[in-house]
Amino acid sequence: MPRLLAEVFPDGSVVRETLPNGLRVIVRRKAGCGVVTIVTYVGAGYFDEPDEISGIAHVLEHMYFKGTPTRGVSEIARATKASGGMLNAATIYDHTHYYTVLPATGFEAGLAIQADAYANSLIDSGELARELEVIIEEAKRKADTPTAVATETLFELLYDAHRIRRWRMGREAGLRTLTREKVWAFYKNFYRPRNTVLAIVGDVDPAAAIAAAGRSYGMVPDEPVVRTPGPLEPAAHADGLRYRELSGDVQQSEILLGWRTPRLAHADTPVLDVVAVVLSGGRASRLYRAVRDRRLASSIQAWNYTPTELGIFAVHATARPERSTSALRAAWDQVERVCDGDVKDAEIERARRLISSQWLRRLDTAEGQANHLAAWELAGGWENGSTYLDQMLGVGAKQVADVAKRWLAPECAALLVYRPFNAPPLASGPAEVLGLTGGDRPEPVDAVTMPAPVAVVKGGARAWKLERRHGEITVYRTATGVPILFQRVPGSIAHLGWFVSGGALGEYETSAGMTSLMTRVALRGTERRSAKEVAEDVEFAGGALSASAGADAFQWTISVPVARLDDAAELLGEVVQRPAFRDDAVESERAVALAEIAAIRDDMYRWPLRLATEAAWGKHAYGRSVVGSEASVGRMNAAGLRGWHEANAIAAPGVLVCVADADPDDAVAAVARRFGDLTERPSEGALTPVWPAKVIEQAESRDKAQSALVMLFPGPLRRDERRFAAAMLSGVASGLGGRFFEELRDRRSLAYSVLVAPIVRRHAGAFLAYIAMSPEKEDAARAGLLEQFARLCDEPVTERELHQARTFAVGSNAIRRESAAGIMGDLAGAWLFGESLDEIAQFNARISRVTAAEIQAIARESFTPGCRVEGMIRGTGKKV
């Protein structure tokens, strides 16, 4: 086993046992985490469906939660929620998996629920008819998602016969032919112990967990699984470039290059995964610098996807239509350079370090470990994951060139373009595409270079002082008075961030988006490092550097292996305190910001929410987009960003937060030495916006399969004690087992997506309801939402609902805090916006004190139908 995974899975820590009926059970104890994840992987997916029942694996996934002889419809979701847990599922080409994450105290109950669903699903015909309507809504949502349409169309273009070329969720006409008998037959054939892996990771005893699995699953009968293979795909095509264009009501173009690649077990597959990291892993990658940095696309990525028996390598760019040709040429050129042997040893080493840190991050939680173990066990043995990583980390530059040349040849490529309907075609056919990609080559990117070692700066008490210990949290101050919060948490990754109160709240209409652009440009070079050098230093350290801005705050964060914390502090300190704001960096990030502004219009959740918040909060900062408008972002320049940074990020109402498995004094000394330019100042107040006293609707019509409605009512602020009642109300109303979900989705089949949640900000609050449905269901969906809000006002929640919401809130808090990043966010939020750090430890108690009367009271205060605000996208109802 490679040393890297030995840190996560020490010898003997993973216990595997095959029950007499053939079920493989894998258990790992993650002591002290307080949670447990139960994952069920079944070897049945879209590849196992003959054409006449296409989509049935996904239909069965939905029916899995729809009742057993001992648990009625919705009881599985309710019982899981009542144990403090969450559950969900996903279907893909080669498997279906189900997972539940819950407090470790709920393990026995959660396991019994999962076992009952696995062995005893009823597949009731009436429930199936209702759920098919929900699935059709889900398929329509997917048809309104440009990336999904483009990706699956690429698969169809690449493959001539294999089942991967189908629209994987199934089409509406075919879905309506699926009967209870067909679903039952699929269930009884594939959901057999020999075809299933059960993985359990968390704060549980392995022997006790295996015994519990034996009691719950041991009586499930086993039978052979009969598979009906699909058509065999001819050998990899070499008949020249394949090309297709689509057009639709979208704002940007999706450009995808694809190639057929081999199965997961092929020796070339780990090499192709390394090729993808070389091309697009991180800001120092080839495609990031050759395409995104040159403002040819707002995003670009490369990936090699291998669902068991075949593969697809793809390069996917999202670009403004007028830049599509240039983006394509630049991406094509970088793939050719990799094939030609242009990748050197330094790039390979950068990729190795990124891969190592990415695997560690994925395995940081019980959920990540359980999914890793189950997926690899289903593919042949959980140990194979370790072997595969070893193969990736052993790849050299010559292998990269040889394998890329073997599989990524131009004559074997396919190109798919999905463009706005009012944009001109990219090309008339393959010949013209080849002409566009020929000619003079774009300028190459500079070679990746190994960074010089960072000098360790020694310093002691003068750089920091201990202020107090607050339970598990230690509070320090830098020499300039800036607070540092530290919490020691087990794990291989350290997290560090500078969090500042402010964000969009301090902007005006003419400067909207300034904070967001400022934080992004700061990552693109400092006084002594270029953008390339910042990226290289982060990625050679195995780190991830990010920035974000919200309505009330902004932040820069970095995460690295614990041993590199001093390097991370030095780098983040320079990014935060001494960014260069060079003109080329401003122009690159401005282009990305403008693309994001356009992309929001294609998002059937974010755009109606944007319309609704604008209507609710008007000219207040909360009524504007955090990323700004085309007009405001277009006016920004380097001098303005530099001044905004000096005024808001250096002398600031901020806090440094570090969460790491390290000695507190040593970690804080490393941090304090690197952030000496920061000083503390109090945060500024702001007015609370006045909620409209009438119904306001902002609506748009689009050529979409669905319509989407966001409904807003006033809600509590961040420091309002009623926010706990608001959180409990959301638990009663939303999610699996919630009132709105059960009534509007499960019983009436109005939608796939139904959500109710509070929006809690420092100076304002709201309740959000979201539903996406077929256009002809708009009136019924609106009436259904209003009916449920009225019911919350008229009827106290039941004792069962109160208990379920309480345990779910407490459990969700524990699940979130298993992650060091979640703990860091809690620390920053409590310090900047809370009453004190005590609120973190008091969360469970405050949630538990909420009564049914308090929930009803906040419902009555908020849900006045005549004071609601709506954001609406009205689709045309195009077919799927």
# chains A, B, ... in the order shown; residues from 1 in each chain; ligands from 1
>>> residues_around(residues="range 27-31 of chain A", least_positions_apart="2", cutoff="6 Å", atoms="only C-alpha atoms", output="list of chain:residue names")
A:Ser13, A:Val14, A:Val15, A:Cys33, A:Ala199, A:Ile200, A:Val201, A:Gly202, A:Asp203, A:Val204, A:Pro206
>>> select_by_dssp(residues="range 588-818 of chain A", states="helix (DSSP H, G or I)", output="JSON, numbers by chain")
{"A": [588, 589, 590, 591, 592, 593, 594, 595, 596, 597, 598, 599, 600, 606, 607, 608, 609, 610, 611, 612, 613, 614, 615, 616, 617, 621, 622, 623, 630, 631, 632, 633, 634, 635, 638, 639, 640, 641, 642, 643, 644, 645, 646, 647, 648, 649, 650, 664, 665, 666, 667, 668, 669, 670, 671, 672, 673, 674, 723, 724, 725, 726, 727, 728, 729, 730, 731, 732, 733, 739, 740, 741, 742, 743, 744, 745, 746, 747, 775, 776, 777, 778, 779, 780, 781, 782, 783, 784, 785, 786, 787, 788, 789, 790, 791, 792, 793, 794, 799, 800, 801, 802, 803, 804, 805, 806, 807, 808, 809, 810, 811, 812, 813, 814, 815, 816]}
>>> residues_around(residues="range 644-655 of chain A", least_positions_apart="6", cutoff="8 Å", atoms="only C-alpha atoms", output="VMD selection string")
chain A and resid 482 to 485 498 to 502 514 to 515 518 576 to 577 677 to 683 828 831 to 832
>>> closest_residue(among="A:Ile847, A:Leu736, A:Val880, A:Val403", to="Gly811 in chain A", atoms="only C-alpha atoms")
A:Ile847
>>> select_by_dssp(residues="range 430-539 of chain A", states="strand (DSSP E)", output="list in words")
Trp464, Lys465, Leu466, Glu467, Arg468, Arg469, His470, Ile473, Thr474, Val475, Tyr476, Arg477, Thr478, Pro483, Ile484, Leu485, Phe486, Gln487, Arg488, Ile493, Ala494, His495, Leu496, Gly497, Trp498, Phe499, Val500 and Ser501 of chain A
>>> closest_residue(among="A:Asp665, A:Glu507, A:Asp249, A:Asp222", to="Asp552 in chain A", atoms="only C-alpha atoms")
A:Glu507
>>> closest_atom_pairs(of="range 790-834 of chain A", to="range 97-119 of chain A", cutoff="9 Å", atoms="only C-alpha atoms", output="CSV")
residue,atom,partner,partner_atom,distance
A:Phe808,CA,A:Leu102,CA,8.8
A:Val810,CA,A:Pro103,CA,8.7
A:Gly811,CA,A:Pro103,CA,5.6
A:Ser812,CA,A:Leu102,CA,7.7
A:Ala814,CA,A:Pro103,CA,6.8
A:Ile815,CA,A:Leu102,CA,6.9
>>> residues_around(residues="Asp703 in chain A", least_positions_apart="3", cutoff="8 Å", atoms="only C-alpha atoms", output="list of chain:residue names")
A:Gly248, A:Asp249, A:Gly875, A:Thr876, A:Gly877, A:Lys878
>>> write_last_selection(atoms="N, CA and C atoms", output="PDB file, in the first residue's frame")
ATOM      1  N   GLY A 248     -29.542  26.558 -28.754  1.00  0.00           N
ATOM      2  CA  GLY A 248     -30.657  26.644 -27.823  1.00  0.00           C
ATOM      3  C   GLY A 248     -30.677  27.968 -27.089  1.00  0.00           C
ATOM      4  N   ASP A 249     -31.618  28.095 -26.164  1.00  0.00           N
ATOM      5  CA  ASP A 249     -31.775  29.316 -25.381  1.00  0.00           C
ATOM      6  C   ASP A 249     -30.758  29.292 -24.239  1.00  0.00           C
ATOM      7  N   GLY A 875     -41.031  28.629 -18.797  1.00  0.00           N
ATOM      8  CA  GLY A 875     -40.544  27.869 -19.928  1.00  0.00           C
ATOM      9  C   GLY A 875     -41.632  27.625 -20.959  1.00  0.00           C
ATOM     10  N   THR A 876     -41.181  27.146 -22.115  1.00  0.00           N
ATOM     11  CA  THR A 876     -42.127  26.856 -23.193  1.00  0.00           C
ATOM     12  C   THR A 876     -42.621  25.421 -23.140  1.00  0.00           C
ATOM     13  N   GLY A 877     -41.939  24.579 -22.343  1.00  0.00           N
ATOM     14  CA  GLY A 877     -42.357  23.186 -22.218  1.00  0.00           C
ATOM     15  C   GLY A 877     -41.843  22.298 -23.326  1.00  0.00           C
ATOM     16  N   LYS A 878     -40.618  22.569 -23.819  1.00  0.00           N
ATOM     17  CA  LYS A 878     -40.067  21.743 -24.892  1.00  0.00           C
ATOM     18  C   LYS A 878     -39.944  20.295 -24.419  1.00  0.00           C
TER      19      LYS A 878
END
>>> residues_around(residues="range 176-189 of chain A", least_positions_apart="6", cutoff="10 Å", atoms="only C-alpha atoms", output="CSV table (one decimal) with N, CA, C and O atoms, in the first residue's frame")
chain,number,residue,atom,x,y,z
A,44,ALA,N,-25.6,-2.4,-10.8
A,44,ALA,CA,-26.7,-2.3,-11.8
A,44,ALA,C,-26.8,-0.8,-12.1
A,44,ALA,O,-27.0,0.0,-11.2
A,48,ASP,N,-27.0,-1.8,-17.9
A,48,ASP,CA,-27.7,-3.0,-17.8
A,48,ASP,C,-29.1,-3.0,-18.3
A,48,ASP,O,-29.9,-3.9,-18.1
A,49,GLU,N,-29.5,-1.9,-19.0
A,49,GLU,CA,-30.8,-1.7,-19.4
A,49,GLU,C,-30.9,-2.0,-20.9
A,49,GLU,O,-30.3,-1.2,-21.7
A,52,GLU,N,-35.5,-1.1,-24.5
A,52,GLU,CA,-37.0,-0.9,-24.3
A,52,GLU,C,-37.3,-0.5,-22.8
A,52,GLU,O,-38.4,-0.2,-22.5
A,53,ILE,N,-36.3,-0.6,-21.9
A,53,ILE,CA,-36.5,-0.2,-20.5
A,53,ILE,C,-35.4,0.8,-20.1
A,53,ILE,O,-35.1,0.9,-19.0
A,54,SER,N,-35.0,1.6,-21.1
A,54,SER,CA,-34.0,2.6,-20.8
A,54,SER,C,-34.4,3.6,-19.7
A,54,SER,O,-35.6,4.1,-19.8
A,55,GLY,N,-33.6,3.8,-18.7
A,55,GLY,CA,-33.9,4.6,-17.6
A,55,GLY,C,-34.5,3.9,-16.4
A,55,GLY,O,-34.7,4.5,-15.3
A,56,ILE,N,-34.6,2.6,-16.5
A,56,ILE,CA,-35.3,1.8,-15.4
A,56,ILE,C,-34.4,1.7,-14.1
A,56,ILE,O,-35.0,1.7,-13.0
A,57,ALA,N,-33.1,1.7,-14.3
A,57,ALA,CA,-32.3,1.7,-13.1
A,57,ALA,C,-32.5,2.9,-12.2
A,57,ALA,O,-32.5,2.8,-11.0
A,59,VAL,N,-35.2,4.8,-12.3
A,59,VAL,CA,-36.6,4.7,-11.7
A,59,VAL,C,-36.6,3.9,-10.4
A,59,VAL,O,-37.2,4.2,-9.4
A,60,LEU,N,-35.9,2.7,-10.5
A,60,LEU,CA,-35.8,1.9,-9.3
A,60,LEU,C,-35.1,2.6,-8.1
A,60,LEU,O,-35.5,2.5,-7.0
A,61,GLU,N,-34.1,3.4,-8.4
A,61,GLU,CA,-33.5,4.2,-7.4
A,61,GLU,C,-34.5,5.1,-6.6
A,61,GLU,O,-34.5,5.2,-5.4
A,63,MET,N,-37.8,4.5,-6.5
A,63,MET,CA,-38.7,3.6,-5.8
A,63,MET,C,-38.2,2.9,-4.5
A,63,MET,O,-38.9,2.5,-3.7
A,64,TYR,N,-36.9,2.9,-4.4
A,64,TYR,CA,-36.2,2.3,-3.3
A,64,TYR,C,-36.7,2.9,-1.9
A,64,TYR,O,-36.7,2.2,-0.9
A,118,TYR,N,-33.5,-2.1,1.0
A,118,TYR,CA,-32.7,-2.9,0.0
A,118,TYR,C,-33.5,-4.3,-0.3
A,118,TYR,O,-33.6,-4.7,-1.4
A,119,ALA,N,-34.0,-4.9,0.8
A,119,ALA,CA,-34.5,-6.2,0.7
A,119,ALA,C,-36.0,-6.3,0.4
A,119,ALA,O,-36.5,-7.3,-0.2
A,121,SER,N,-38.4,-3.5,-0.8
A,121,SER,CA,-39.1,-2.4,-1.5
A,121,SER,C,-40.3,-3.0,-2.2
A,121,SER,O,-40.3,-4.1,-2.8
A,122,LEU,N,-41.5,-2.3,-2.0
A,122,LEU,CA,-42.7,-2.8,-2.6
A,122,LEU,C,-42.9,-2.5,-4.0
A,122,LEU,O,-43.6,-3.3,-4.7
A,123,ILE,N,-42.4,-1.4,-4.5
A,123,ILE,CA,-42.7,-1.0,-5.9
A,123,ILE,C,-44.2,-1.0,-6.2
A,123,ILE,O,-44.7,-1.6,-7.1
A,124,ASP,N,-44.9,-0.2,-5.4
A,124,ASP,CA,-46.4,-0.1,-5.6
A,124,ASP,C,-46.7,0.6,-6.9
A,124,ASP,O,-46.1,1.6,-7.3
A,125,SER,N,-47.7,0.0,-7.6
A,125,SER,CA,-48.0,0.6,-9.0
A,125,SER,C,-48.5,2.0,-8.9
A,125,SER,O,-48.1,2.8,-9.8
A,126,GLY,N,-49.3,2.3,-7.9
A,126,GLY,CA,-49.8,3.7,-7.8
A,126,GLY,C,-48.6,4.7,-7.5
A,126,GLY,O,-48.6,5.8,-8.1
A,127,GLU,N,-47.8,4.3,-6.6
A,127,GLU,CA,-46.6,5.1,-6.2
A,127,GLU,C,-45.7,5.3,-7.5
A,127,GLU,O,-45.1,6.3,-7.7
A,128,LEU,N,-45.5,4.2,-8.2
A,128,LEU,CA,-44.7,4.2,-9.4
A,128,LEU,C,-45.3,5.2,-10.4
A,128,LEU,O,-44.5,6.0,-11.0
A,129,ALA,N,-46.6,5.2,-10.6
A,129,ALA,CA,-47.2,6.2,-11.6
A,129,ALA,C,-46.9,7.6,-11.1
A,129,ALA,O,-46.5,8.5,-12.0
A,132,LEU,N,-43.1,8.4,-11.5
A,132,LEU,CA,-42.6,8.6,-12.9
A,132,LEU,C,-42.8,10.1,-13.4
A,132,LEU,O,-42.0,10.6,-14.1
A,133,GLU,N,-43.9,10.7,-12.9
A,133,GLU,CA,-44.1,12.1,-13.2
A,133,GLU,C,-43.0,13.0,-12.6
A,133,GLU,O,-42.5,13.9,-13.2
A,136,ILE,N,-39.9,12.5,-14.7
A,136,ILE,CA,-40.0,13.2,-16.0
A,136,ILE,C,-39.6,14.7,-15.7
A,136,ILE,O,-39.0,15.3,-16.6
A,170,GLY,N,-33.4,8.3,-19.7
A,170,GLY,CA,-34.5,7.9,-20.5
A,170,GLY,C,-35.3,9.1,-21.0
A,170,GLY,O,-35.3,10.2,-20.4
A,195,ASN,N,-24.2,-9.2,-5.8
A,195,ASN,CA,-24.0,-8.1,-6.7
A,195,ASN,C,-24.0,-6.7,-5.9
A,195,ASN,O,-24.2,-5.7,-6.5
A,222,ASP,N,-30.0,-15.1,-2.0
A,222,ASP,CA,-29.2,-14.8,-3.1
A,222,ASP,C,-29.6,-15.6,-4.3
A,222,ASP,O,-30.0,-16.8,-4.2
A,223,GLU,N,-29.5,-15.1,-5.5
A,223,GLU,CA,-29.7,-15.8,-6.8
A,223,GLU,C,-28.7,-15.2,-7.8
A,223,GLU,O,-28.2,-14.1,-7.7
A,224,PRO,N,-28.4,-16.0,-8.8
A,224,PRO,CA,-27.6,-15.5,-9.9
A,224,PRO,C,-28.2,-14.3,-10.6
A,224,PRO,O,-29.4,-14.1,-10.7
A,225,VAL,N,-27.3,-13.4,-11.0
A,225,VAL,CA,-27.7,-12.1,-11.7
A,225,VAL,C,-27.6,-12.4,-13.2
A,225,VAL,O,-26.5,-12.9,-13.7
A,226,VAL,N,-28.7,-12.2,-13.9
A,226,VAL,CA,-28.7,-12.4,-15.3
A,226,VAL,C,-28.5,-11.0,-16.0
A,226,VAL,O,-29.3,-10.1,-15.8
A,227,ARG,N,-27.5,-10.9,-16.8
A,227,ARG,CA,-27.2,-9.6,-17.5
A,227,ARG,C,-27.5,-9.8,-19.0
A,227,ARG,O,-27.3,-10.9,-19.6
>>> residues_around(residues="Pro430 in chain A", least_positions_apart="5", cutoff="8 Å", atoms="only C-alpha atoms", output="number ranges by chain")
A: 241-243
>>> write_last_selection(atoms="all heavy atoms", output="PDB file, in the first residue's frame")
ATOM      1  N   LEU A 241     -12.396  13.231 -37.877  1.00  0.00           N
ATOM      2  CA  LEU A 241     -13.088  13.999 -36.850  1.00  0.00           C
ATOM      3  C   LEU A 241     -14.599  13.914 -37.016  1.00  0.00           C
ATOM      4  O   LEU A 241     -15.120  14.045 -38.128  1.00  0.00           O
ATOM      5  CB  LEU A 241     -12.647  15.464 -36.931  1.00  0.00           C
ATOM      6  CG  LEU A 241     -13.360  16.426 -35.985  1.00  0.00           C
ATOM      7  CD1 LEU A 241     -12.805  16.291 -34.578  1.00  0.00           C
ATOM      8  CD2 LEU A 241     -13.221  17.862 -36.477  1.00  0.00           C
ATOM      9  N   ARG A 242     -15.301  13.686 -35.917  1.00  0.00           N
ATOM     10  CA  ARG A 242     -16.763  13.751 -35.911  1.00  0.00           C
ATOM     11  C   ARG A 242     -17.189  15.099 -35.343  1.00  0.00           C
ATOM     12  O   ARG A 242     -16.578  15.592 -34.390  1.00  0.00           O
ATOM     13  CB  ARG A 242     -17.330  12.623 -35.058  1.00  0.00           C
ATOM     14  CG  ARG A 242     -16.966  11.237 -35.570  1.00  0.00           C
ATOM     15  CD  ARG A 242     -17.576  10.148 -34.738  1.00  0.00           C
ATOM     16  NE  ARG A 242     -17.282   8.831 -35.296  1.00  0.00           N
ATOM     17  CZ  ARG A 242     -17.885   7.712 -34.913  1.00  0.00           C
ATOM     18  NH1 ARG A 242     -18.816   7.741 -33.954  1.00  0.00           N
ATOM     19  NH2 ARG A 242     -17.583   6.561 -35.479  1.00  0.00           N
ATOM     20  N   TYR A 243     -18.250  15.656 -35.888  1.00  0.00           N
ATOM     21  CA  TYR A 243     -18.624  17.029 -35.505  1.00  0.00           C
ATOM     22  C   TYR A 243     -20.135  17.179 -35.478  1.00  0.00           C
ATOM     23  O   TYR A 243     -20.847  16.678 -36.357  1.00  0.00           O
ATOM     24  CB  TYR A 243     -18.016  18.026 -36.498  1.00  0.00           C
ATOM     25  CG  TYR A 243     -18.393  19.462 -36.239  1.00  0.00           C
ATOM     26  CD1 TYR A 243     -18.102  20.063 -35.016  1.00  0.00           C
ATOM     27  CD2 TYR A 243     -19.036  20.216 -37.215  1.00  0.00           C
ATOM     28  CE1 TYR A 243     -18.450  21.386 -34.781  1.00  0.00           C
ATOM     29  CE2 TYR A 243     -19.377  21.540 -36.992  1.00  0.00           C
ATOM     30  CZ  TYR A 243     -19.086  22.122 -35.767  1.00  0.00           C
ATOM     31  OH  TYR A 243     -19.426  23.425 -35.534  1.00  0.00           O
TER      32      TYR A 243
END
>>> atom_distance(atom1="CA of Val448 in chain A", atom2="CA of Glu347 in chain A")
5.8 Å
>>> closest_atom_pairs(of="range 795-846 of chain A", to="range 751-766 of chain A", cutoff="12 Å", atoms="only C-alpha atoms", output="tab-separated table")
residue	atom	partner	partner_atom	distance
A:Gly829	CA	A:Arg762	CA	10.6
A:Ala830	CA	A:Arg762	CA	11.8
A:Leu832	CA	A:Arg762	CA	9.8
A:Phe833	CA	A:Arg762	CA	6.9
A:Gly834	CA	A:Arg762	CA	9.4
A:Glu835	CA	A:Arg762	CA	11.9
>>> closest_residue(among="A:Ala595, A:Ala551, A:Arg215, A:Ser546", to="Arg323 in chain A", atoms="only C-alpha atoms")
A:Ala595
>>> residues_around(residues="Arg168 in chain A", least_positions_apart="2", cutoff="12 Å", atoms="only C-alpha atoms", output="VMD selection string")
chain A and resid 45 to 51 53 to 59 91 to 94 139 142 to 143 148 to 149 151 to 153 155 to 156 162 to 166 170 to 172 174 to 175 880
>>> closest_residue(among="A:Val197, A:Leu565, A:Ala89, A:Ala235", to="Asp160 in chain A", atoms="only C-alpha atoms")
A:Ala235
>>> closest_atom_pairs(of="range 449-527 of chain A", to="range 272-289 of chain A", cutoff="12 Å", atoms="only C-alpha atoms", output="CSV")
residue,atom,partner,partner_atom,distance
A:Thr449,CA,A:Ala284,CA,9.9
A:Met450,CA,A:Ala284,CA,11.5
A:Leu523,CA,A:Arg283,CA,9.8
A:Arg524,CA,A:Arg283,CA,9.3
A:Gly525,CA,A:Arg283,CA,11.6
